[in-house]
Each structure stands twice: as C-alpha cells, then as structure tokens.
$ cat final.csv   # CSV, C-alpha atoms and all ligand atoms
chain,number,residue,atom,x,y,z
A,1,MET,CA,-4.6,3.5,-18.5
A,2,ARG,CA,-3.3,2.2,-15.2
A,3,THR,CA,-5.7,1.4,-12.4
A,4,GLN,CA,-6.5,4.0,-9.8
A,5,ILE,CA,-6.8,2.8,-6.3
A,6,VAL,CA,-7.7,4.0,-2.8
A,7,ALA,CA,-6.8,1.5,-0.1
A,8,GLY,CA,-7.6,1.9,3.6
A,9,ASN,CA,-5.0,0.5,6.0
A,10,TRP,CA,-6.9,0.1,9.3
A,11,LYS,CA,-3.8,-0.9,11.2
A,12,MET,CA,-4.4,-2.2,14.7
A,13,ASN,CA,-7.7,-0.5,15.0
A,14,LEU,CA,-11.3,-1.8,14.9
A,15,ASP,CA,-12.2,-5.2,16.2
A,16,GLN,CA,-14.3,-7.6,14.2
A,17,GLU,CA,-17.6,-6.0,15.1
A,18,GLU,CA,-16.3,-2.5,14.4
A,19,SER,CA,-14.8,-3.6,11.1
A,20,LEU,CA,-18.1,-5.1,10.0
A,21,GLN,CA,-19.9,-1.8,10.9
A,22,LEU,CA,-17.4,0.1,8.8
A,23,ILE,CA,-17.8,-2.3,5.9
A,24,ASP,CA,-21.6,-1.9,6.2
A,25,ALA,CA,-21.2,1.9,6.0
A,26,LEU,CA,-18.8,1.6,3.0
A,27,LYS,CA,-21.2,-0.7,1.2
A,28,LYS,CA,-23.9,2.0,1.5
A,29,SER,CA,-21.5,4.8,0.4
A,30,THR,CA,-21.8,6.3,-3.0
A,31,PHE,CA,-18.4,5.9,-4.8
A,32,GLN,CA,-18.5,8.2,-7.7
A,33,SER,CA,-15.0,7.6,-9.0
A,34,GLN,CA,-13.8,4.7,-11.1
A,35,ALA,CA,-11.1,4.0,-8.5
A,36,GLU,CA,-10.7,0.5,-7.1
A,37,VAL,CA,-11.4,0.5,-3.4
A,38,ILE,CA,-9.6,-1.8,-1.0
A,39,VAL,CA,-9.8,-2.2,2.8
A,40,ALA,CA,-7.2,-3.9,5.1
A,41,PRO,CA,-8.6,-4.9,8.5
A,42,ASN,CA,-6.7,-6.8,11.1
A,43,PHE,CA,-6.2,-10.6,10.8
A,44,THR,CA,-9.0,-11.5,13.3
A,45,ALA,CA,-11.5,-9.6,11.3
A,46,LEU,CA,-10.5,-10.8,7.8
A,47,SER,CA,-12.7,-13.9,7.5
A,48,ALA,CA,-15.9,-12.1,8.6
A,49,CYS,CA,-15.0,-9.1,6.4
A,50,ALA,CA,-14.5,-11.4,3.4
A,51,THR,CA,-18.0,-12.8,3.9
A,52,ALA,CA,-19.4,-9.3,4.3
A,53,LEU,CA,-17.7,-8.2,1.1
A,54,SER,CA,-18.6,-11.1,-1.1
A,55,GLY,CA,-20.4,-9.8,-4.1
A,56,SER,CA,-19.2,-6.3,-3.4
A,57,LYS,CA,-16.6,-4.4,-5.6
A,58,ILE,CA,-14.6,-3.5,-2.5
A,59,GLY,CA,-11.4,-5.5,-2.3
A,60,LEU,CA,-9.9,-7.0,0.9
A,61,SER,CA,-6.2,-7.0,1.9
A,62,ALA,CA,-4.2,-8.3,4.8
A,63,GLN,CA,-1.7,-5.9,6.5
A,64,ASN,CA,1.1,-8.4,6.6
A,65,MET,CA,2.0,-12.1,6.3
A,66,HIS,CA,4.8,-14.5,6.9
A,67,GLN,CA,7.1,-15.6,4.1
A,68,ALA,CA,6.7,-19.4,4.8
A,69,ASP,CA,3.7,-21.3,3.8
A,70,LYS,CA,3.5,-23.1,7.2
A,71,GLY,CA,5.6,-24.3,10.1
A,72,ALA,CA,6.8,-23.5,13.6
A,73,TYR,CA,6.4,-19.8,13.5
A,74,THR,CA,4.3,-19.0,16.6
A,75,GLY,CA,2.0,-16.1,16.1
A,76,GLU,CA,2.4,-15.8,12.4
A,77,VAL,CA,-0.1,-16.0,9.5
A,78,SER,CA,0.7,-17.5,6.0
A,79,ALA,CA,-0.4,-16.7,2.5
A,80,PRO,CA,-2.4,-20.0,2.2
A,81,MET,CA,-4.2,-19.1,5.4
A,82,LEU,CA,-5.1,-15.7,4.0
A,83,LYS,CA,-6.2,-17.2,0.7
A,84,GLY,CA,-8.2,-19.8,2.6
A,85,VAL,CA,-10.5,-17.1,4.1
A,86,GLY,CA,-10.8,-15.2,0.8
A,87,VAL,CA,-8.0,-12.7,1.0
A,88,ASN,CA,-6.0,-12.2,-2.2
A,89,LYS,CA,-4.1,-9.0,-1.4
A,90,VAL,CA,-1.5,-8.1,1.2
A,91,ILE,CA,0.3,-4.9,2.3
A,92,LEU,CA,4.1,-5.6,2.6
A,93,GLY,CA,6.9,-3.3,3.7
A,94,HIS,CA,4.8,-0.8,5.7
A,95,SER,CA,7.2,1.6,7.6
A,96,GLU,CA,5.6,0.4,10.9
A,97,ARG,CA,6.7,-3.2,10.0
A,98,ARG,CA,10.1,-2.0,9.0
A,99,GLU,CA,10.6,0.1,12.1
A,100,TYR,CA,8.9,-1.8,14.9
A,101,PHE,CA,9.4,-5.3,13.6
A,102,ARG,CA,12.8,-4.9,12.0
A,103,GLU,CA,11.6,-6.0,8.6
A,104,ASP,CA,14.4,-5.4,6.1
A,105,GLY,CA,14.8,-5.6,2.4
A,106,VAL,CA,15.9,-9.3,2.3
A,107,LEU,CA,12.9,-10.4,4.4
A,108,LEU,CA,10.5,-8.2,2.4
A,109,ALA,CA,11.8,-9.7,-0.9
A,110,ALA,CA,11.0,-13.2,0.5
A,111,LYS,CA,7.6,-12.1,1.6
A,112,VAL,CA,6.9,-10.6,-1.8
A,113,ASP,CA,8.0,-13.8,-3.5
A,114,THR,CA,5.7,-15.9,-1.4
A,115,ALA,CA,2.7,-13.6,-1.9
A,116,LEU,CA,3.2,-13.6,-5.7
A,117,ALA,CA,3.7,-17.3,-5.8
A,118,HIS,CA,0.3,-17.6,-4.3
A,119,ASP,CA,-1.1,-15.3,-6.9
A,120,MET,CA,-1.8,-12.5,-4.3
A,121,GLN,CA,-1.6,-8.9,-5.2
A,122,VAL,CA,1.0,-7.0,-3.2
A,123,ILE,CA,0.7,-3.4,-2.0
A,124,PHE,CA,4.4,-2.7,-1.5
A,125,CYS,CA,5.2,0.2,0.8
A,126,PHE,CA,8.4,2.2,1.1
A,127,GLY,CA,9.4,5.8,1.9
A,128,GLU,CA,12.2,7.8,3.5
A,129,LEU,CA,12.6,9.1,7.0
A,130,LEU,CA,12.6,12.8,7.8
A,131,ALA,CA,16.4,12.6,8.3
A,132,ASP,CA,16.8,11.1,4.9
A,133,ARG,CA,14.9,14.0,3.3
A,134,GLU,CA,16.6,16.6,5.3
A,135,SER,CA,20.0,15.3,4.2
A,136,GLY,CA,18.9,15.0,0.6
A,137,GLN,CA,19.1,11.2,0.6
A,138,HIS,CA,15.4,10.6,-0.1
A,139,PHE,CA,15.7,9.5,-3.7
A,140,GLU,CA,18.6,7.2,-2.9
A,141,VAL,CA,16.7,5.6,0.0
A,142,VAL,CA,13.6,5.0,-2.1
A,143,ARG,CA,15.7,3.6,-5.0
A,144,MET,CA,17.4,1.2,-2.5
A,145,GLN,CA,14.1,0.1,-1.0
A,146,LEU,CA,12.7,-0.7,-4.5
A,147,THR,CA,15.9,-2.5,-5.4
A,148,GLU,CA,16.0,-4.6,-2.3
A,149,GLY,CA,12.4,-5.5,-2.2
A,150,LEU,CA,11.3,-5.8,-5.8
A,151,PHE,CA,14.0,-5.6,-8.5
A,152,HIS,CA,14.8,-9.3,-8.3
A,153,LEU,CA,11.3,-10.0,-9.7
A,154,PRO,CA,10.7,-11.1,-13.3
A,155,ARG,CA,8.8,-8.7,-15.5
A,156,GLU,CA,5.6,-10.8,-15.4
A,157,SER,CA,5.3,-10.3,-11.6
A,158,TRP,CA,4.7,-6.6,-12.0
A,159,THR,CA,1.1,-7.1,-13.0
A,160,ASN,CA,0.4,-8.1,-9.4
A,161,LEU,CA,2.2,-5.2,-7.8
A,162,ILE,CA,0.9,-1.9,-6.5
A,163,LEU,CA,3.5,0.6,-5.1
A,164,ALA,CA,2.8,2.8,-2.2
A,165,TYR,CA,5.1,5.7,-1.5
A,166,GLU,CA,4.7,6.7,2.2
A,167,PRO,CA,7.2,9.2,3.5
A,168,VAL,CA,7.6,8.2,7.1
A,169,TRP,CA,7.5,11.8,8.3
A,170,ALA,CA,4.0,12.1,6.9
A,171,ILE,CA,2.5,9.0,8.4
A,172,GLY,CA,0.1,9.8,11.2
A,173,THR,CA,1.7,13.2,11.7
A,174,GLY,CA,-0.9,15.4,10.0
A,175,LYS,CA,2.0,16.6,7.9
A,176,THR,CA,1.5,15.6,4.3
A,177,ALA,CA,4.0,15.8,1.4
A,178,SER,CA,3.0,18.7,-0.8
A,179,PRO,CA,1.4,17.7,-4.1
A,180,GLU,CA,4.7,18.8,-5.8
A,181,GLN,CA,6.8,16.7,-3.5
A,182,ALA,CA,4.6,13.7,-4.1
A,183,GLN,CA,4.6,14.2,-7.8
A,184,GLU,CA,8.4,14.6,-7.9
A,185,MET,CA,8.9,11.4,-6.0
A,186,HIS,CA,6.3,9.4,-7.9
A,187,ALA,CA,7.9,10.5,-11.2
A,188,PHE,CA,11.3,9.4,-9.8
A,189,ILE,CA,9.8,6.0,-8.8
A,190,ARG,CA,8.2,5.5,-12.2
A,191,GLN,CA,11.5,6.4,-14.0
A,192,THR,CA,13.5,4.1,-11.7
A,193,VAL,CA,11.1,1.2,-12.6
A,194,ALA,CA,11.3,2.2,-16.3
A,195,ASP,CA,15.1,2.3,-16.2
A,196,PHE,CA,15.4,-1.2,-14.5
A,197,TYR,CA,12.5,-2.9,-16.4
A,198,ASN,CA,10.9,-0.9,-19.2
A,199,SER,CA,8.5,2.0,-19.7
A,200,GLU,CA,5.5,-0.2,-20.3
A,201,ILE,CA,5.8,-1.8,-16.9
A,202,ALA,CA,6.4,1.6,-15.3
A,203,ASP,CA,3.5,3.2,-17.0
A,204,ASN,CA,1.1,0.4,-16.0
A,205,CYS,CA,2.1,0.2,-12.4
A,206,PRO,CA,-0.1,2.1,-9.9
A,207,ILE,CA,1.8,4.2,-7.5
A,208,LEU,CA,-0.2,5.3,-4.4
A,209,TYR,CA,0.7,8.1,-2.0
A,210,GLY,CA,0.3,7.6,1.7
A,211,GLY,CA,0.8,9.9,4.7
A,212,SER,CA,-1.9,12.0,6.3
A,213,VAL,CA,-4.2,12.0,3.3
A,214,LYS,CA,-7.5,13.6,4.3
A,215,PRO,CA,-10.6,14.7,2.4
A,216,ASP,CA,-9.3,18.3,2.2
A,217,ASN,CA,-5.8,17.6,0.8
A,218,ALA,CA,-6.7,14.5,-1.4
A,219,PRO,CA,-7.9,16.4,-4.4
A,220,LEU,CA,-4.7,18.3,-5.0
A,221,ILE,CA,-2.4,15.3,-4.3
A,222,PHE,CA,-4.5,13.1,-6.6
A,223,SER,CA,-4.5,15.7,-9.3
A,224,LYS,CA,-0.8,15.0,-10.0
A,225,PRO,CA,-0.2,12.8,-13.0
A,226,ASP,CA,2.0,10.2,-11.4
A,227,VAL,CA,-0.2,9.8,-8.3
A,228,ASP,CA,-2.6,7.0,-9.0
A,229,GLY,CA,-4.4,7.0,-5.7
A,230,GLY,CA,-3.7,6.7,-2.0
A,231,LEU,CA,-3.0,4.4,0.9
A,232,ILE,CA,-5.0,5.9,3.8
A,233,GLY,CA,-4.6,5.3,7.5
A,234,GLY,CA,-6.5,7.5,10.0
A,235,ALA,CA,-9.0,8.9,7.6
A,236,ALA,CA,-9.9,5.4,6.4
A,237,LEU,CA,-11.5,4.6,9.8
A,238,ASN,CA,-14.3,7.0,9.0
A,239,ALA,CA,-16.7,6.0,6.2
A,240,SER,CA,-17.6,9.5,5.1
A,241,ASP,CA,-14.0,10.7,5.1
A,242,PHE,CA,-12.8,7.6,3.3
A,243,THR,CA,-15.6,8.0,0.7
A,244,ALA,CA,-14.7,11.6,0.2
A,245,ILE,CA,-11.1,10.6,-0.4
A,246,VAL,CA,-12.1,7.9,-2.9
A,247,ASN,CA,-14.3,10.5,-4.7
A,248,ALA,CA,-11.4,12.9,-4.9
A,249,LEU,CA,-9.8,10.6,-7.4
B,1,LIG,P1,-2.1,8.1,8.0
B,1,LIG,O1,-3.1,8.3,6.8
B,1,LIG,O2,-2.8,7.9,9.3
B,1,LIG,O3,-1.0,9.1,8.0
B,1,LIG,O4,-1.4,6.7,7.7
B,1,LIG,C1,-0.9,6.4,6.4
B,1,LIG,C2,-0.5,5.0,6.4
B,1,LIG,O5,0.4,4.6,7.1
B,1,LIG,C3,-1.2,4.1,5.5
B,1,LIG,O6,-0.6,2.9,5.4

$ encode --input "final.csv" --output "structure tokens"
Amino acid sequence: MRTQIVAGNWKMNLDQEESLQLIDALKKSTFQSQAEVIVAPNFTALSACATALSGSKIGLSAQNMHQADKGAYTGEVSAPMLKGVGVNKVILGHSERREYFREDGVLLAAKVDTALAHDMQVIFCFGELLADRESGQHFEVVRMQLTEGLFHLPRESWTNLILAYEPVWAIGTGKTASPEQAQEMHAFIRQTVADFYNSEIADNCPILYGGSVKPDNAPLIFSKPDVDGGLIGGAALNASDFTAIVNAL
C-alpha cells in the first residue's frame, strides 16, 4: 500500500520561536492514524526545528531550494545547505513560487533533479488556475505541469516523489475542491503517470490534495481512493486543527 501523508506548509508564517512552539504542541499531539506527518517551516527556523524533531516521527521539509549546489546566487539556499541542517525533504513547484517568483517547468525540472541527486524527497506541487478549470483545460494543464517538471525522470526516481495536486483557486480561499473533483483529478494524475511510466509506479506514488483543507472537510476528501493525504496551509498553523486533519486520514 502506498504511504499516506499529511504535510503542513507553514509558508512565510511563524518565526523560529513560534515554529518551535508549534512543534512542541505537535509532539504532544495524539496522532491516531498511520499517516506520515511532515512540517515545512521557513528557512530560518529549519535548523532549530530539525534539532527539536530529532528522535520524533514527524518529518521536516523545506519550502523551496535553489537548483545549484553553491555559487553567486544572493539570497538563495541550496540542497547541501538543507541537508547540512538535517532537512531531507523539499516542496517544489508550489503555485505561489510559480506565480510570484516566475518558476516555470524548466526551472522546476532542474530543481527536482538537484533535490533527487542529493537524495532528498520531493513534494512536487501543481494545479490549475480557476480560468483553466472554467475553460475545461484543467486536465491538460495538469498533464503539462507533470510532463515539464517530472517526466524526464528515470523510473527509479519515483520512489522519492510525492505529488501534491493543489488547484490554485482553492488555495487560501476557503473554497475547496469537492471530494468528487479531487478524486476525478487524482485518478487522472495516477492514470497519466501509469501511461507514461507504468501502473506499479503510479500505484505506489502518494498523491496529496491541497487547498483549504480543514478539519471539517478533510474526512470526505481523504475518503476518496486516489487521495493519499493532504498538503495543508492555513490549518497547519494550529496544532489541534492539524492533528484533527491527520487523524481524518
Ligand atoms: P491552504 O490550506 O491555506 O489553502 O493552503 C494550501 C497550500 O497552499 C498548501 O501548500
């Protein structure tokens, strides 16, 4: 059976002290599900969070990284730097990176290559805009994002990939995809991976849903067969909400 995962993307919220407080609360939480739990604090909090999480089952992810290992890239953070402070996962391709920082498929493919070359697990995000869905282009947009970012990879790489479908119109809007819309797209994603690679890779790949997941809507979304968990934004900033979402899986 493929791994079930709930990951919290804290975005540009919570300074180091606040991050450590949330980690402390999560360590005291009772997670009743078998789901793997991951948190993604901001860069400045990662090192302290890695120390706080050592010996815990909660995984730690960065929210982004540069594609080069080092060099004259003012303001950037590399995979070896992340690994050096104990971070072995990274979120890539988030719609906020695509929109506000102009990250495109070519750049994301390079970032994915670098992360995998450093044996990091990649949470690869993608999803359509509202206009894409309204014009019926959503499946094509998602297929393109997968193709550009991931389909150059050899089969072996897929053991280190987690997919996160996040329709942009559902992120931070309080408007979530219906469980049926999520299932329809997740099934399409799995079929697209099966068609390009094979059904074993597709069946083993976790596909998370992200976009306004809350404790009240998580149970129905997670009940769908191709939804293997969630990537949570706003609700991940609150320990009891996040715990309730994990326990909905
Ligand atoms: P919200 O849960 O706040 O909609 O954010 C989702 C998200 O972007 C997670 O990466």

$ residues_near_ligand --input "final.csv" --ligand "ligand LIG 1 (chain B)" --cutoff "7 Å" --atoms "all atoms listed in the file" --output "compact mmCIF listing (two decimals) with C-alpha atoms, in the frame of the given file"
# COMPACT_ATOMS: atom_id res chain seq x y z
CA ASN A 9 -5.00 0.50 6.00
CA HIS A 94 4.80 -0.80 5.70
CA GLU A 166 4.70 6.70 2.20
CA ALA A 170 4.00 12.10 6.90
CA ILE A 171 2.50 9.00 8.40
CA GLY A 172 0.10 9.80 11.20
CA THR A 173 1.70 13.20 11.70
CA GLY A 174 -0.90 15.40 10.00
CA GLY A 210 0.30 7.60 1.70
CA GLY A 211 0.80 9.90 4.70
CA SER A 212 -1.90 12.00 6.30
CA VAL A 213 -4.20 12.00 3.30
CA LEU A 231 -3.00 4.40 0.90
CA ILE A 232 -5.00 5.90 3.80
CA GLY A 233 -4.60 5.30 7.50
CA GLY A 234 -6.50 7.50 10.00
CA ALA A 235 -9.00 8.90 7.60

$ closest_atom_pairs --input "final.csv" --of "stretch 49-145 of chain A" --to "stretch 151-157 of chain A" --cutoff "9 Å" --atoms "all atoms listed in the file" --output "JSON lines"
{"residue": "A:Ala109", "atom": "CA", "partner": "A:His152", "partner_atom": "CA", "distance": 8.0}
{"residue": "A:Asp113", "atom": "CA", "partner": "A:Leu153", "partner_atom": "CA", "distance": 8.0}
{"residue": "A:Leu116", "atom": "CA", "partner": "A:Ser157", "partner_atom": "CA", "distance": 7.1}

$ write_last_selection --input "final.csv" --atoms "C-alpha atoms" --output "mmCIF file, keeping the file's coordinate frame"
data_model
loop_
_atom_site.group_PDB
_atom_site.id
_atom_site.type_symbol
_atom_site.label_atom_id
_atom_site.label_comp_id
_atom_site.auth_asym_id
_atom_site.auth_seq_id
_atom_site.Cartn_x
_atom_site.Cartn_y
_atom_site.Cartn_z
ATOM 1 C CA ALA A 109 11.800 -9.700 -0.900
ATOM 2 C CA ASP A 113 8.000 -13.800 -3.500
ATOM 3 C CA LEU A 116 3.200 -13.600 -5.700
#

$ closest_residue --input "final.csv" --among "A:Gln183, A:Gln145, A:Gln121, A:Gln4" --to "A:Thr159" --atoms "all atoms listed in the file"
A:Gln121

$ atom_distance --input "final.csv" --atom1 "atom CA of A:Tyr197" --atom2 "atom CA of A:Glu128"
22.6 Å

$ closest_residue --input "final.csv" --among "A:Glu180, A:Ala115, A:Leu163, A:Gln32" --to "A:Gly230" --atoms "all atoms listed in the file"
A:Leu163

$ closest_atom_pairs --input "final.csv" --of "stretch 30-97 of chain A" --to "stretch 218-228 of chain A" --cutoff "12 Å" --atoms "all atoms listed in the file" --output "Markdown table"
| residue | atom | partner | partner_atom | distance |
| --- | --- | --- | --- | --- |
| A:Gln34 | CA | A:Asp228 | CA | 11.6 |
| A:Ala35 | CA | A:Asp228 | CA | 9.0 |
| A:Glu36 | CA | A:Asp228 | CA | 10.6 |

$ closest_residue --input "final.csv" --among "A:Met120, A:Met12, A:Leu26, A:Leu129" --to "A:Thr243" --atoms "all atoms listed in the file"
A:Leu26

$ closest_residue --input "final.csv" --among "A:Phe242, A:Phe101, A:Tyr73, A:Phe196" --to "A:Val6" --atoms "only C-alpha atoms"
A:Phe242

$ residues_around --input "final.csv" --residues "A:Asp132" --least-positions-apart "6" --cutoff "12 Å" --atoms "all atoms listed in the file" --output "ChimeraX atom specification"
/A:138-142,167-169

$ atom_distance --input "final.csv" --atom1 "atom CA of A:Asn64" --atom2 "atom CA of A:Gly86"
14.9 Å

$ closest_residue --input "final.csv" --among "A:Arg143, A:Thr114, A:Leu46, A:Asp104" --to "A:Gly84" --atoms "all atoms listed in the file"
A:Leu46

$ closest_residue --input "final.csv" --among "A:Pro215, A:Pro206, A:Gly105, A:Gly55" --to "A:His186" --atoms "all atoms listed in the file"
A:Pro206

$ residues_around --input "final.csv" --residues "A:Asp69" --least-positions-apart "6" --cutoff "7 Å" --atoms "only C-alpha atoms" --output "PyMOL selection string"
chain A and resi 78-80

$ write_last_selection --input "final.csv" --atoms "C-alpha atoms" --output "mmCIF file, keeping the file's coordinate frame"
data_model
loop_
_atom_site.group_PDB
_atom_site.id
_atom_site.type_symbol
_atom_site.label_atom_id
_atom_site.label_comp_id
_atom_site.auth_asym_id
_atom_site.auth_seq_id
_atom_site.Cartn_x
_atom_site.Cartn_y
_atom_site.Cartn_z
ATOM 1 C CA SER A 78 0.700 -17.500 6.000
ATOM 2 C CA ALA A 79 -0.400 -16.700 2.500
ATOM 3 C CA PRO A 80 -2.400 -20.000 2.200
#

$ atom_distance --input "final.csv" --atom1 "atom CA of A:Asn247" --atom2 "atom CA of A:Val90"
23.3 Å
